[in-house]
Each structure stands twice: as structure tokens, then as C-alpha cells.
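A.B. asks: The file below is work.cif, mmCIF, C-alpha atoms:
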data_work
#
loop_
_atom_site.label_atom_id
_atom_site.label_comp_id
_atom_site.auth_asym_id
_atom_site.auth_seq_id
_atom_site.Cartn_x
_atom_site.Cartn_y
_atom_site.Cartn_z
CA MET A 21 0.00 0.00 0.00
CA GLU A 22 2.79 2.42 0.93
CA LYS A 23 4.70 1.62 -2.28
CA TRP A 24 1.57 2.30 -4.34
CA GLN A 25 0.98 5.58 -2.50
CA ASN A 26 4.57 6.71 -3.12
CA GLN A 27 4.14 5.96 -6.81
CA ILE A 28 0.99 8.10 -6.95
CA GLU A 29 2.83 10.95 -5.24
CA LYS A 30 5.61 10.77 -7.85
CA GLN A 31 3.01 10.90 -10.60
CA MET A 32 1.45 13.98 -8.99
CA LEU A 33 4.82 15.69 -8.85
CA GLU A 34 5.54 14.91 -12.49
CA HIS A 35 2.09 16.20 -13.46
CA ILE A 36 2.67 19.52 -11.73
CA ARG A 37 6.20 19.78 -13.10
CA SER A 38 5.13 19.17 -16.69
CA SER A 39 2.08 21.44 -16.36
CA VAL A 40 4.13 24.32 -15.01
CA GLY A 41 6.62 23.85 -17.82
CA ARG A 42 3.86 24.39 -20.39
CA VAL A 43 2.47 27.56 -18.80
CA GLU A 44 3.35 30.84 -20.52
CA LEU A 45 4.34 33.21 -17.73
CA PRO A 46 5.23 36.91 -18.08
CA VAL A 47 8.58 36.39 -16.34
CA ASP A 48 10.90 33.53 -17.35
CA SER A 49 12.19 33.01 -13.82
CA TYR A 50 8.73 32.08 -12.55
CA ASN A 51 9.03 28.56 -13.91
CA GLU A 52 12.39 28.04 -12.22
CA GLN A 53 11.13 29.23 -8.82
CA ILE A 54 8.03 27.06 -9.02
CA MET A 55 10.21 24.06 -9.90
CA ASN A 56 12.39 24.84 -6.89
CA ARG A 57 9.28 24.82 -4.71
CA ILE A 58 8.34 21.39 -6.08
CA GLU A 59 11.85 20.05 -5.46
CA HIS A 60 11.61 21.42 -1.90
CA LEU A 61 8.40 19.47 -1.38
CA GLU A 62 10.05 16.32 -2.70
CA THR A 63 12.83 16.60 -0.13
CA ARG A 64 10.27 17.01 2.64
CA GLY A 65 8.45 13.85 1.64
CA GLY A 66 5.53 12.42 3.54
CA SER A 67 2.11 11.60 2.16
CA LYS A 68 0.33 13.76 4.79
CA LEU A 69 1.91 16.91 3.38
CA LEU A 70 1.24 15.82 -0.19
CA LYS A 71 -2.41 15.12 0.50
CA LYS A 72 -2.93 18.71 1.67
CA THR A 73 -0.44 20.90 -0.17
CA LEU A 74 1.48 19.17 -2.95
CA ALA A 75 -0.91 19.98 -5.78
CA ALA A 76 -1.03 23.60 -4.65
CA ALA A 77 2.74 24.10 -4.58
CA SER A 78 2.83 25.82 -7.95
CA ILE A 79 -0.09 28.07 -6.98
CA ALA A 80 1.66 29.10 -3.78
CA ALA A 81 4.77 30.01 -5.75
CA LEU A 82 2.72 32.06 -8.20
CA ILE A 83 0.91 33.93 -5.44
CA GLY A 84 4.18 34.62 -3.66
CA LEU A 85 5.63 36.24 -6.80
CA GLY A 86 2.75 38.58 -7.53
CA THR A 87 -0.71 38.81 -9.03
CA ILE A 88 -1.18 36.66 -12.14
CA THR A 89 -4.07 37.85 -14.26
CA ALA A 90 -6.30 35.57 -16.28
CA GLY A 91 -4.70 36.84 -19.49
CA PHE A 92 -1.46 35.04 -18.71
CA ILE A 93 -3.02 31.62 -18.18
CA SER A 94 -4.68 29.39 -20.74
CA PRO A 95 -8.30 28.29 -20.15
CA ALA A 96 -7.16 24.68 -19.76
CA TRP A 97 -4.61 25.58 -17.07
CA ALA A 98 -7.13 27.83 -15.32
CA ASP A 99 -9.53 24.90 -15.16
CA THR A 100 -6.76 22.72 -13.71
CA LEU A 101 -5.98 25.31 -11.05
CA SER A 102 -9.63 25.61 -10.04
CA GLN A 103 -9.67 21.92 -9.14
CA LEU A 104 -6.56 22.03 -6.95
CA PRO A 105 -6.65 22.70 -3.18
CA VAL A 106 -5.48 26.07 -1.90
CA PHE A 107 -2.25 26.15 0.11
CA SER A 108 -3.56 26.31 3.66
CA SER A 109 -3.05 29.03 6.24
CA ILE A 110 -1.10 28.16 9.38
CA PHE A 111 -3.81 29.81 11.47
CA LYS A 112 -6.48 27.55 10.00
CA HIS A 113 -4.84 24.58 11.73
CA THR A 114 -4.64 26.06 15.21
CA GLU A 115 -6.75 24.80 18.09
CA ASN A 116 -7.80 28.40 18.80
CA PRO A 117 -11.28 28.55 17.18
CA GLY A 118 -11.31 32.35 17.03
CA LEU A 119 -7.97 32.55 15.27
CA LYS A 120 -9.03 29.80 12.90
CA LEU A 121 -12.22 31.73 12.07
CA ALA A 122 -10.24 34.95 11.56
CA ALA A 123 -8.06 33.19 9.00
CA GLU A 124 -11.03 31.68 7.21
CA GLN A 125 -12.66 35.11 6.98
CA GLY A 126 -9.52 36.75 5.60
CA LEU A 127 -8.93 38.94 8.66
CA THR A 128 -5.21 38.16 8.95
CA THR A 129 -2.31 39.89 7.19
CA SER A 130 0.58 38.28 5.29
CA PRO A 131 3.94 40.05 5.69
CA ASN A 132 5.75 37.31 3.68
CA MET A 133 9.12 38.27 5.15
CA SER A 134 12.03 35.82 5.00
CA VAL A 135 15.56 35.67 6.38
CA THR A 136 18.15 33.06 5.34
CA LYS A 137 21.26 32.22 7.37
CA ASP A 138 23.63 29.31 6.83
CA GLY A 139 21.17 27.38 4.67
CA VAL A 140 18.18 27.86 6.98
CA THR A 141 15.28 30.10 5.92
CA LEU A 142 12.71 31.41 8.37
CA SER A 143 9.65 33.33 7.21
CA VAL A 144 6.93 35.33 8.94
CA THR A 145 3.86 34.27 6.98
CA GLU A 146 0.83 35.55 8.92
CA VAL A 147 -0.06 38.10 11.59
CA PHE A 148 -3.30 38.77 13.45
CA TYR A 149 -4.04 41.42 16.08
CA ASP A 150 -7.44 42.45 17.43
CA GLY A 151 -6.47 44.40 20.54
CA ILE A 152 -6.80 41.25 22.66
CA GLN A 153 -4.28 38.84 21.20
CA LEU A 154 -1.33 38.90 18.81
CA ALA A 155 -0.66 35.81 16.71
CA ILE A 156 2.32 35.28 14.43
CA GLY A 157 2.86 32.37 12.03
CA PHE A 158 6.32 31.17 11.01
CA GLU A 159 7.50 28.77 8.31
CA ARG A 160 10.97 27.23 8.07
CA ALA A 161 12.86 25.72 5.13
CA GLY A 162 16.26 24.10 4.69
CA VAL A 163 16.05 21.73 7.69
CA ALA A 164 15.33 18.02 7.34
CA ASP A 165 14.23 17.60 10.97
CA LYS A 166 10.44 17.78 11.24
CA ARG A 167 10.61 19.35 14.69
CA MET A 168 10.45 23.11 14.93
CA LEU A 169 11.07 23.97 18.57
CA ALA A 170 14.14 22.81 20.41
CA GLU A 171 13.85 21.64 24.01
CA ILE A 172 13.75 24.71 26.24
CA THR A 173 16.20 24.06 29.07
CA ASP A 174 15.50 27.27 31.01
CA TYR A 175 12.34 29.30 30.37
CA LYS A 176 13.55 32.16 32.53
CA THR A 177 16.74 32.72 30.53
CA ARG A 178 15.20 31.34 27.30
CA GLU A 179 18.10 28.91 26.89
CA PHE A 180 17.47 25.89 24.67
CA ASP A 181 19.15 22.70 23.46
CA GLN A 182 21.35 23.50 20.47
CA SER A 183 22.45 19.99 19.58
CA THR A 184 20.33 19.91 16.39
CA LYS A 185 20.93 22.60 13.81
CA GLY A 186 17.87 24.51 12.65
CA LEU A 187 15.61 23.97 15.68
CA LEU A 188 14.17 27.18 17.10
CA GLY A 189 14.38 28.75 20.51
CA LEU A 190 11.57 30.90 21.92
CA PRO A 191 10.67 33.86 19.71
CA GLU A 192 10.87 37.26 21.41
CA VAL A 193 8.53 40.10 20.41
CA THR A 194 9.24 43.67 21.45
CA LEU A 195 7.99 47.12 20.57
CA GLU A 196 10.22 49.65 18.81
CA SER A 197 11.08 51.04 22.23
CA GLY A 198 12.52 47.66 23.22
CA GLU A 199 9.72 46.96 25.70
CA PRO A 200 8.29 43.42 25.66
CA MET A 201 4.96 43.07 23.89
CA GLY A 202 3.49 40.80 26.53
CA PHE A 203 3.98 37.69 28.64
CA GLY A 204 2.17 34.91 30.43
CA SER A 205 0.00 32.79 28.17
CA SER A 206 2.15 33.15 25.08
CA SER A 207 2.47 29.73 23.51
CA THR A 208 4.58 28.17 20.79
CA GLY A 209 4.51 24.78 19.19
CA ASP A 210 4.45 22.91 15.91
CA VAL A 211 1.14 23.47 14.13
CA GLN A 212 -0.88 20.28 13.65
CA GLY A 213 -0.85 19.08 10.05
CA GLN A 214 1.54 21.82 8.93
CA PRO A 215 5.15 20.55 8.97
CA ASN A 216 7.89 23.16 9.38
CA THR A 217 5.52 25.76 10.80
CA LEU A 218 5.29 27.48 14.15
CA LEU A 219 2.52 29.49 15.77
CA LEU A 220 3.16 32.11 18.44
CA GLU A 221 0.06 33.22 20.35
CA MET A 222 0.40 36.09 22.79
CA ARG A 223 -2.78 36.37 24.80
CA GLU A 224 -1.58 38.56 27.64
CA LEU A 225 -0.48 41.88 26.20
CA TRP A 226 0.69 44.99 28.03
CA ASP A 227 -1.09 48.34 27.65
CA THR A 228 -2.76 47.67 24.31
CA SER A 229 -4.69 50.96 24.54
CA ALA A 230 -1.44 52.84 23.95
CA LEU A 231 -0.52 50.90 20.81
CA GLY A 232 -3.04 52.46 18.45
CA ASP A 233 -4.36 50.91 15.26
CA GLU A 234 -0.94 50.36 13.67
CA PHE A 235 2.51 49.84 15.15
CA LYS A 236 5.77 48.01 14.53
CA VAL A 237 7.17 45.06 16.45
CA ASN A 238 10.63 43.55 16.38
CA ILE A 239 10.74 39.76 16.28
CA SER A 240 13.90 37.87 17.22
CA VAL A 241 14.09 34.10 16.83
CA PRO A 242 17.21 32.21 17.97
CA VAL A 243 18.13 29.15 15.91
CA ALA A 244 20.32 26.27 17.05
CA GLN A 245 23.94 26.35 15.79
CA ILE A 246 23.48 29.73 14.10
CA ALA A 247 25.25 32.55 15.90
CA GLU A 248 22.90 35.45 15.26
CA PRO A 249 19.12 35.25 15.74
CA PHE A 250 16.74 35.70 12.83
CA LYS A 251 15.28 39.20 13.08
CA PHE A 252 12.19 40.78 11.53
CA GLN A 253 10.44 44.10 11.88
CA VAL A 254 6.74 43.66 11.18
CA THR A 255 4.00 46.26 10.89
CA VAL A 256 0.99 45.14 12.93
CA LYS A 257 -2.44 46.45 12.00
CA LYS A 258 -5.31 46.17 14.42
CA LEU A 259 -8.48 44.56 13.14
CA ALA A 260 -10.76 47.47 12.25
CA GLU A 261 -14.21 45.88 12.15
CA GLY A 262 -16.38 43.73 14.37
CA ILE A 263 -14.93 44.94 17.68
CA ILE A 264 -17.18 45.76 20.64
CA ASN A 265 -15.74 47.44 23.74
CA LEU A 266 -18.07 47.67 26.73
CA THR A 267 -17.62 49.10 30.22
CA PRO A 268 -20.79 47.84 31.93
CA GLY A 269 -19.82 48.61 35.52
CA GLN A 270 -22.49 46.16 36.64
CA GLY A 271 -22.23 43.17 38.95
CA ALA A 272 -23.80 41.67 42.07
CA SER A 273 -23.28 41.10 45.80
CA LYS A 274 -23.62 38.20 48.21
CA ASP A 275 -22.82 38.66 51.88
CA SER A 276 -19.51 40.54 51.94
CA PHE A 277 -18.50 39.53 48.43
CA HIS A 278 -19.09 42.00 45.60
CA TYR A 279 -17.87 42.01 42.01
CA LYS A 280 -18.19 44.39 39.08
CA VAL A 281 -17.57 43.88 35.35
CA LYS A 282 -15.06 46.60 34.57
CA SER A 283 -14.86 45.83 30.85
CA LEU A 284 -15.96 43.31 28.25
CA ASP A 285 -14.20 43.32 24.87
CA ILE A 286 -15.55 41.21 22.02
CA THR A 287 -13.80 40.69 18.67
CA PRO A 288 -14.36 38.18 15.85
CA ALA A 289 -11.60 36.04 17.40
CA ALA A 290 -11.79 36.37 21.20
CA MET A 291 -13.46 37.89 24.25
CA ARG A 292 -11.78 39.55 27.20
CA LEU A 293 -13.48 40.02 30.57
CA VAL A 294 -12.01 42.20 33.32
CA VAL A 295 -13.67 41.89 36.73
CA THR A 296 -12.92 43.70 39.99
CA SER A 297 -14.09 42.28 43.30
CA GLU A 298 -13.80 42.63 47.04
CA GLY A 299 -14.90 40.76 50.16
CA GLU A 300 -14.69 37.12 51.21
CA VAL A 301 -15.10 34.39 48.61
CA PRO A 302 -18.62 32.90 48.99
CA ALA A 303 -18.81 29.30 50.19
CA SER A 304 -21.59 26.73 49.92
CA PRO A 305 -22.64 24.49 52.85
CA GLU A 306 -20.64 21.66 51.23
CA GLN A 307 -17.47 23.75 51.23
CA THR A 308 -16.84 23.48 54.96
CA GLY A 309 -14.64 21.39 57.21
CA GLU A 310 -11.86 19.79 55.18
CA TYR A 311 -13.30 21.36 52.02
CA GLY A 312 -13.15 24.96 50.91
CA PRO A 313 -13.80 27.06 47.81
CA THR A 314 -11.19 28.10 45.28
CA ALA A 315 -11.03 31.64 43.97
CA VAL A 316 -14.12 32.89 42.12
CA PHE A 317 -14.29 32.14 38.41
CA TYR A 318 -16.62 33.70 35.84
CA GLU A 319 -18.41 31.66 33.21
CA LEU A 320 -19.89 33.45 30.18
CA VAL A 321 -23.13 32.20 28.63
CA ASP A 322 -24.95 33.77 25.67
CA ASP A 323 -28.71 34.10 25.14
CA ALA A 324 -28.76 30.81 23.20
CA GLY A 325 -27.20 28.89 26.09
CA ASN A 326 -23.72 28.56 24.59
CA VAL A 327 -20.86 28.57 27.10
CA ALA A 328 -17.61 30.33 26.20
CA THR A 329 -14.52 28.42 27.29
CA SER A 330 -11.57 30.02 29.03
CA GLY A 331 -8.05 28.89 29.83
CA GLN A 332 -8.17 30.58 33.24
CA GLY A 333 -6.31 28.58 35.90
CA TYR A 334 -7.04 28.25 39.59
CA ALA A 335 -5.12 29.10 42.74
CA MET A 336 -3.83 26.16 44.76
CA MET A 337 -5.17 27.74 47.94
CA LYS A 338 -8.61 27.95 49.51
CA ALA A 339 -10.78 31.06 49.22
CA VAL A 340 -8.17 33.22 47.49
CA GLN A 341 -9.52 36.65 46.67
CA HIS A 342 -8.29 38.26 43.47
CA PRO A 343 -9.11 42.01 43.34
CA ILE A 344 -8.74 41.98 39.54
CA VAL A 345 -9.44 39.04 37.25
CA ASP A 346 -8.47 39.47 33.59
CA SER A 347 -9.56 36.46 31.50
CA LEU A 348 -9.72 35.55 27.81
CA TYR A 349 -12.51 33.45 26.35
CA ASN A 350 -13.19 31.80 23.02
CA ILE A 351 -15.92 33.35 20.92
CA PHE A 352 -19.58 32.34 20.68
CA PRO A 353 -20.88 30.79 17.42
CA GLN A 354 -22.77 34.01 16.64
CA LYS A 355 -22.84 37.54 17.98
CA PRO A 356 -24.92 37.30 21.16
CA LYS A 357 -27.78 39.58 22.18
CA THR A 358 -26.86 39.18 25.84
CA ILE A 359 -24.05 37.61 27.84
CA THR A 360 -24.68 36.36 31.37
CA VAL A 361 -21.77 36.32 33.81
CA LYS A 362 -22.09 33.28 36.07
CA PRO A 363 -19.67 33.30 39.05
CA TYR A 364 -18.69 29.91 40.43
CA THR A 365 -16.09 28.26 42.62
CA MET A 366 -14.54 24.81 42.69
CA THR A 367 -13.72 22.84 45.82
CA LEU A 368 -10.35 21.96 47.34
CA ASP A 369 -9.69 19.48 50.14
CA ASN A 370 -7.06 19.82 52.86
CA GLU A 371 -4.43 18.43 50.49
CA LEU A 372 -5.36 21.15 47.99
CA LYS A 373 -6.74 18.63 45.53
CA LEU A 374 -9.82 19.46 43.49
CA LEU A 375 -13.04 17.63 44.31
CA LEU A 376 -14.05 15.70 41.17
CA ASP A 377 -17.40 14.38 39.98
CA ALA A 378 -18.17 10.91 38.63
CA ASN A 379 -16.75 11.88 35.23
CA GLY A 380 -13.46 13.05 36.71
CA LYS A 381 -14.21 16.74 36.19
CA PRO A 382 -13.93 19.42 38.91
CA VAL A 383 -17.18 20.02 40.78
CA ARG A 384 -18.44 23.56 40.20
CA THR A 385 -20.55 25.47 42.68
CA TYR A 386 -22.51 28.21 40.91
CA HIS A 387 -23.86 31.24 42.76
CA LYS A 388 -27.07 32.13 40.95
CA ASP A 389 -27.70 35.19 43.08
CA LEU A 390 -24.42 36.63 41.79
CA GLU A 391 -25.32 36.35 38.10
CA SER A 392 -25.39 39.47 35.98
CA THR A 393 -26.65 39.81 32.39
CA ILE A 394 -25.02 42.27 29.99
CA VAL A 395 -26.87 43.53 26.91
CA ILE A 396 -24.73 43.50 23.76
CA PRO A 397 -25.51 46.43 21.42
#
As C-alpha cells, how would this structure be written, given the file I've shared?
C.D. replies:
Amino acid sequence: MEKWQNQIEKQMLEHIRSSVGRVELPVDSYNEQIMNRIEHLETRGGSKLLKKTLAAASIAALIGLGTITAGFISPAWADTLSQLPVFSSIFKHTENPGLKLAAEQGLTTSPNMSVTKDGVTLSVTEVFYDGIQLAIGFERAGVADKRMLAEITDYKTREFDQSTKGLLGLPEVTLESGEPMGFGSSSTGDVQGQPNTLLLEMRELWDTSALGDEFKVNISVPVAQIAEPFKFQVTVKKLAEGIINLTPGQGASKDSFHYKVKSLDITPAAMRLVVTSEGEVPASPEQTGEYGPTAVFYELVDDAGNVATSGQGYAMMKAVQHPIVDSLYNIFPQKPKTITVKPYTMTLDNELKLLLDANGKPVRTYHKDLESTIVIP
């Protein structure tokens, strides 16, 4: 079966190669660059990559070189192109549903910047910024190893294992002033189904209100066994449409506990809730003795009953009060008419272990008298 599959892949390559050779392009060098792209795919190998992107290799090369009008392509070749899959966006393969949707709706930008050092090429292919999160997509070429990130040996100093040439250390993103762009929940990792790609998601950004609608960032990416890091300066443009910024100032009280929704930001890719609170964390009758409540968490539910998920963690202490809670949530399927904030706690025992239900999930104690519903204009 594998031998048959490899033979089919070779036939596909030859078909693309011969088809490109017959196309009349306005610049002679186009054919050569497309052929190089095909050769690059051959060296990568792997049927998974071929299934998704092989047939589109020539299209990707064409798009990368400029706009090709219909007048340059024969009707037969145009028909062939229409039946081939489009080279996929890195963002479309992320587990972040909002970022995936943003890519599908064409809300991301494509800097298409590349740097080559010692046979290794690193490119910044996609950028997305909505005032809540900054996402950057990278693609690498010239390295046979399928891994992208090296093992990080010290996250504080950003040191990494350099035993394999071409593996990446942690990217660093700073403003023109040299100040870091953000911290915390930034994440990097190989993108599922997209070999030689890397996604950097920064979901805790500093002072975004001061950044404006357009600004520049400096990106520095260290690479194993290459002395100088790969550096880019990218212009970031804030998403201009579909953003809702609310300052409700509403909340609820129970005993000595009181909270208020300071702000609720909604974009096509994410939601951000900032809550201030004071007083003792409320506890249910079951959260006594060896059991006690965690900090207060805030679930968001729209008017259709959909629950927005959040990556918010929990404190490994009982009844911890956080004066300010700043949390990011995934988007709802559609723009909601209302969003209800539902405060809840989980339960810790004396060993600071979460109380779990029959399905192995943390038991949640909701406080209905603390719910507050926000109208979305």
C-alpha cells in the first residue's frame, strides 16, 4: 500500500512539473522558482503533506511572486488550477477557534518576510491582532528535521538545546522602544498538520490601549547552531471591524462579596473580561470542614445557552480573593444579544486537591444570586 501511495505521489509531482513547464508566464524566472518549490516538497516527503499541499505548490509560488491575471493563463490551465486545493493558512490549523475563524474570513495579514542564514530560511507568513491577542505564524525551510522547537532548558533565561541545527528557541517580540509586547500565556509549538511551521500566540499583552491601530514590532528568533538570531520588523495592524468594547460597571453582591464587570471586549476572534471584586469568597454548605472554595471564576453564557470556554487557571489555595481578574474566552458561534456572567467556585480538600465528579471533572458550585446579564448592542 505504501509503495503504491509513493508511486501516486511521484506521478502527482511529475504532473505539476510538466504542467508548469507548459504555462506561458510573463517572467521567465517564474518557472524556475516554481520548480524549486516542487523540489523542496520532494525533499520534505511524507504523504500527509502531499495530500494537503502538494498539488497547490505551484499556486503558492505564483501567489508569492505577484498577481497573475487571467490573461497570462490558458483556459485549460485555469480549469486545472480551479480543481486544486489552496495552500492552507497556518492559522487555520490552530486549536484556537477564534484565530481559525479569523483566517477563514480573511482577517489576517501576510507580511511574507524571509531571512536566510547558513542554509536555513525562516519566514513570517501571517499576523493577526485584534487588541486582545497577537498571533504570528512562522515557516521554516532548509532543515530536514520535522521538529520546529528545540527543548527549552530554562524558560527564565530562554536557553534551549542546540544539539540539532535549525531547531528554534523561543521567539521574542518587542515594541520599537525595546519593551516586551506581553507575557504569560504566550504559547509556541508545531502546528498540527503543517510541517515546518510554528505558531506564536500572545494572549496577555501589556497596555494595548497605547498601541493604536498600527505599530511596529521587532521579532527575534534564535536558531540552534546559528550565531545570530533571525530578526524581523513587522508592521501590525489592528483589526478594524467587528470589535465591541463595553464598560458595563455592573455586577452583584452576596454577603460581603461583591464584584463588578469593569470591561468586556468582544472581537471576531476572542473575548476579554475584566472583573474587579472585594470581600470574602462565597462558600456553599458543602465547602466546609476539610473542604473549601477556590477563587471565584466567571463563566460566560450567551442568550442561546452557549458557554464560552476560558483557559483561566485556579489558585492552589482555599478562598483566594483576586481584586482583579483578567480572562480571555473563546468566541460564541454568533454575535450574542446578551451575555450572562455566572460566578462559580470549585472545591479543594485539605491536600489542595480538586473535588471531582463521577466523570473526573472538577465540581463547580454556581452562585445564581451573583449572576449578571449584559446587553450587547
A.B. asks: Evaluate the PyMOL selection byres ((chain A and resi 287-302) around 6) and record the selected residues as a PDB file with C-alpha atoms, keeping the file's coordinate frame, following the chain and residue labels used in the document.
C.D. replies:
ATOM      1  CA  GLY A 118     -11.310  32.350  17.030  1.00  0.00           C
ATOM      2  CA  LEU A 119      -7.970  32.550  15.270  1.00  0.00           C
ATOM      3  CA  GLY A 262     -16.380  43.730  14.370  1.00  0.00           C
ATOM      4  CA  ILE A 263     -14.930  44.940  17.680  1.00  0.00           C
ATOM      5  CA  SER A 276     -19.510  40.540  51.940  1.00  0.00           C
ATOM      6  CA  PHE A 277     -18.500  39.530  48.430  1.00  0.00           C
ATOM      7  CA  HIS A 278     -19.090  42.000  45.600  1.00  0.00           C
ATOM      8  CA  TYR A 279     -17.870  42.010  42.010  1.00  0.00           C
ATOM      9  CA  LYS A 280     -18.190  44.390  39.080  1.00  0.00           C
ATOM     10  CA  VAL A 281     -17.570  43.880  35.350  1.00  0.00           C
ATOM     11  CA  LYS A 282     -15.060  46.600  34.570  1.00  0.00           C
ATOM     12  CA  SER A 283     -14.860  45.830  30.850  1.00  0.00           C
ATOM     13  CA  LEU A 284     -15.960  43.310  28.250  1.00  0.00           C
ATOM     14  CA  ASP A 285     -14.200  43.320  24.870  1.00  0.00           C
ATOM     15  CA  ILE A 286     -15.550  41.210  22.020  1.00  0.00           C
ATOM     16  CA  ALA A 303     -18.810  29.300  50.190  1.00  0.00           C
ATOM     17  CA  ALA A 339     -10.780  31.060  49.220  1.00  0.00           C
ATOM     18  CA  PRO A 343      -9.110  42.010  43.340  1.00  0.00           C
ATOM     19  CA  ILE A 344      -8.740  41.980  39.540  1.00  0.00           C
ATOM     20  CA  VAL A 345      -9.440  39.040  37.250  1.00  0.00           C
ATOM     21  CA  ASP A 346      -8.470  39.470  33.590  1.00  0.00           C
ATOM     22  CA  SER A 347      -9.560  36.460  31.500  1.00  0.00           C
ATOM     23  CA  LEU A 348      -9.720  35.550  27.810  1.00  0.00           C
ATOM     24  CA  TYR A 349     -12.510  33.450  26.350  1.00  0.00           C
ATOM     25  CA  ASN A 350     -13.190  31.800  23.020  1.00  0.00           C
ATOM     26  CA  ILE A 351     -15.920  33.350  20.920  1.00  0.00           C
TER      27      ILE A 351
END
A.B. asks: Please provide as number ranges by chain all residues within 12 Å of Lys388 (chain A), with the sequence filter that same-chain residues fewer than 6 positions apart are discarded (counting only C-alpha atoms).
C.D. replies: A: 272-274, 302, 304, 318-319, 360-365
A.B. asks: Quick one: residues within 9 Å of Gly139 (chain A), all atoms listed in the file counted, chain neighbours fewer than 3 positions away excluded, as a list of chain:residue names?
C.D. replies: A:Thr136, A:Ala161, A:Gly162, A:Val163
A.B. asks: Show me, as a list in words, the residues that have an atom within 10 Å of Gln354 (chain A) when counting all atoms listed in the file, minus same-chain residues fewer than 6 positions from it.
C.D. replies: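 So, after excluding close chain neighbours, the residues are Pro288, Asp322, Ala324 and Asn326 of chain A.
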A.B. asks: Using the selection just defined, write its residues with C-alpha atoms as a JSON list (two decimals), keeping the file's coordinate frame.
C.D. replies:
[["chain", "number", "residue", "atom", "x", "y", "z"],
["A", 288, "PRO", "CA", -14.36, 38.18, 15.85],
["A", 322, "ASP", "CA", -24.95, 33.77, 25.67],
["A", 324, "ALA", "CA", -28.76, 30.81, 23.20],
["A", 326, "ASN", "CA", -23.72, 28.56, 24.59]]
A.B. asks: Mind pulling up the distance from CA of Asp389 (chain A) to CA of Val327 (chain A)?
C.D. replies: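 Atom-to-atom, CA of Val327 (chain A) and CA of Asp389 (chain A) are spaced 18.6 Å apart.
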A.B. asks: Counting all atoms listed in the file, I want the residues whose atoms come within 10 Å of (3.9, 37.2, 22.6) in the file frame, returned as a PyMOL selection string.
C.D. replies: chain A and resi 153-156+190-194+200-208+220-225+239
A.B. asks: Which residue, A:Thr385, A:Thr308, A:Ser392, A:Thr314, has the smallest gap to Lys373 (chain A) when you use only C-alpha atoms?
C.D. replies: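 Smallest distance to Lys373 (chain A) is found for A:Thr314.
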A.B. asks: From the set A:Glu234, A:Asp174, A:Glu196, A:Asp275, which residue has the shortest atom-to-atom contact distance to Ala260 (chain A), counting only C-alpha atoms?
C.D. replies: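 Among A:Glu234, A:Asp174, A:Glu196, A:Asp275, it is A:Glu234 that comes nearest to Ala260 (chain A).
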A.B. asks: Need the shell around Leu219 (chain A): protein/DNA/RNA residues with any atom at most 7 Å away, counting only C-alpha atoms. Skip same-chain ones fewer than 6 positions apart. Format as a VMD selection string?
C.D. replies: chain A and resid 156 to 158 208 to 211
A.B. asks: Just to be explicit: take each residue in the selection above, keep C-alpha atoms, and write the result as a PDB file, in the coordinates of the input.
C.D. replies:
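In the end it all went to again-v4.pdb:
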ATOM      1  CA  ILE A 156       2.320  35.280  14.430  1.00  0.00           C
ATOM      2  CA  GLY A 157       2.860  32.370  12.030  1.00  0.00           C
ATOM      3  CA  PHE A 158       6.320  31.170  11.010  1.00  0.00           C
ATOM      4  CA  THR A 208       4.580  28.170  20.790  1.00  0.00           C
ATOM      5  CA  GLY A 209       4.510  24.780  19.190  1.00  0.00           C
ATOM      6  CA  ASP A 210       4.450  22.910  15.910  1.00  0.00           C
ATOM      7  CA  VAL A 211       1.140  23.470  14.130  1.00  0.00           C
TER       8      VAL A 211
END
A.B. asks: Could you give me, as a short mmCIF file (atom, residue, chain, number, x, y, z; two decimals) with C-alpha atoms, in the frame of the given file, the residues within 8 Å of Pro242 (chain A), counting only C-alpha atoms and dropping anything in the same chain fewer than 6 positions from it?
C.D. replies:
data_model
loop_
_atom_site.label_atom_id
_atom_site.label_comp_id
_atom_site.auth_asym_id
_atom_site.auth_seq_id
_atom_site.Cartn_x
_atom_site.Cartn_y
_atom_site.Cartn_z
CA LEU A 188 14.17 27.18 17.10
CA GLY A 189 14.38 28.75 20.51
CA LEU A 190 11.57 30.90 21.92
CA PRO A 191 10.67 33.86 19.71
CA GLU A 248 22.90 35.45 15.26
CA PRO A 249 19.12 35.25 15.74
CA PHE A 250 16.74 35.70 12.83
#
A.B. asks: Report, in Å to a single decimal, how far apart CA of Val256 (chain A) and CA of Pro356 (chain A) are.
C.D. replies: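 If I compute the distance from CA of Pro356 (chain A) to CA of Val256 (chain A), I get 28.3 Å.
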A.B. asks: So the first atom is CA of Gly198 (chain A) and the second is CA of Phe148 (chain A); what is the distance between them in Å, to one decimal place?
C.D. replies: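 Taking CA of Gly198 (chain A) as the start and CA of Phe148 (chain A) as the end point, the length is 20.6 Å.
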A.B. asks: Counting all atoms listed in the file, which of A:Ile264, A:Glu124, A:Val237, A:Ala247 gets nearest to Lys185 (chain A)?
C.D. replies: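 Nearest candidate to Lys185 (chain A) out of A:Ile264, A:Glu124, A:Val237, A:Ala247: A:Ala247.
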A.B. asks: Which one of A:Gly331, A:Gly312, A:Gly380, A:Gly232 sits closest to Gly151 (chain A) if you count all atoms listed in the file?
C.D. replies: A:Gly232
A.B. asks: Taking all atoms listed in the file into account, which of A:Thr145, A:Thr129, A:Val243, A:Gly213 comes nearest Phe180 (chain A)?
C.D. replies: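 Smallest separation from Phe180 (chain A) among the options: A:Val243.
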A.B. asks: Could you check which of A:His113, A:Lys176, A:Lys257, A:Lys137 is closest to Gln245 (chain A), using all atoms listed in the file?
C.D. replies: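 Smallest separation from Gln245 (chain A) among the options: A:Lys137.
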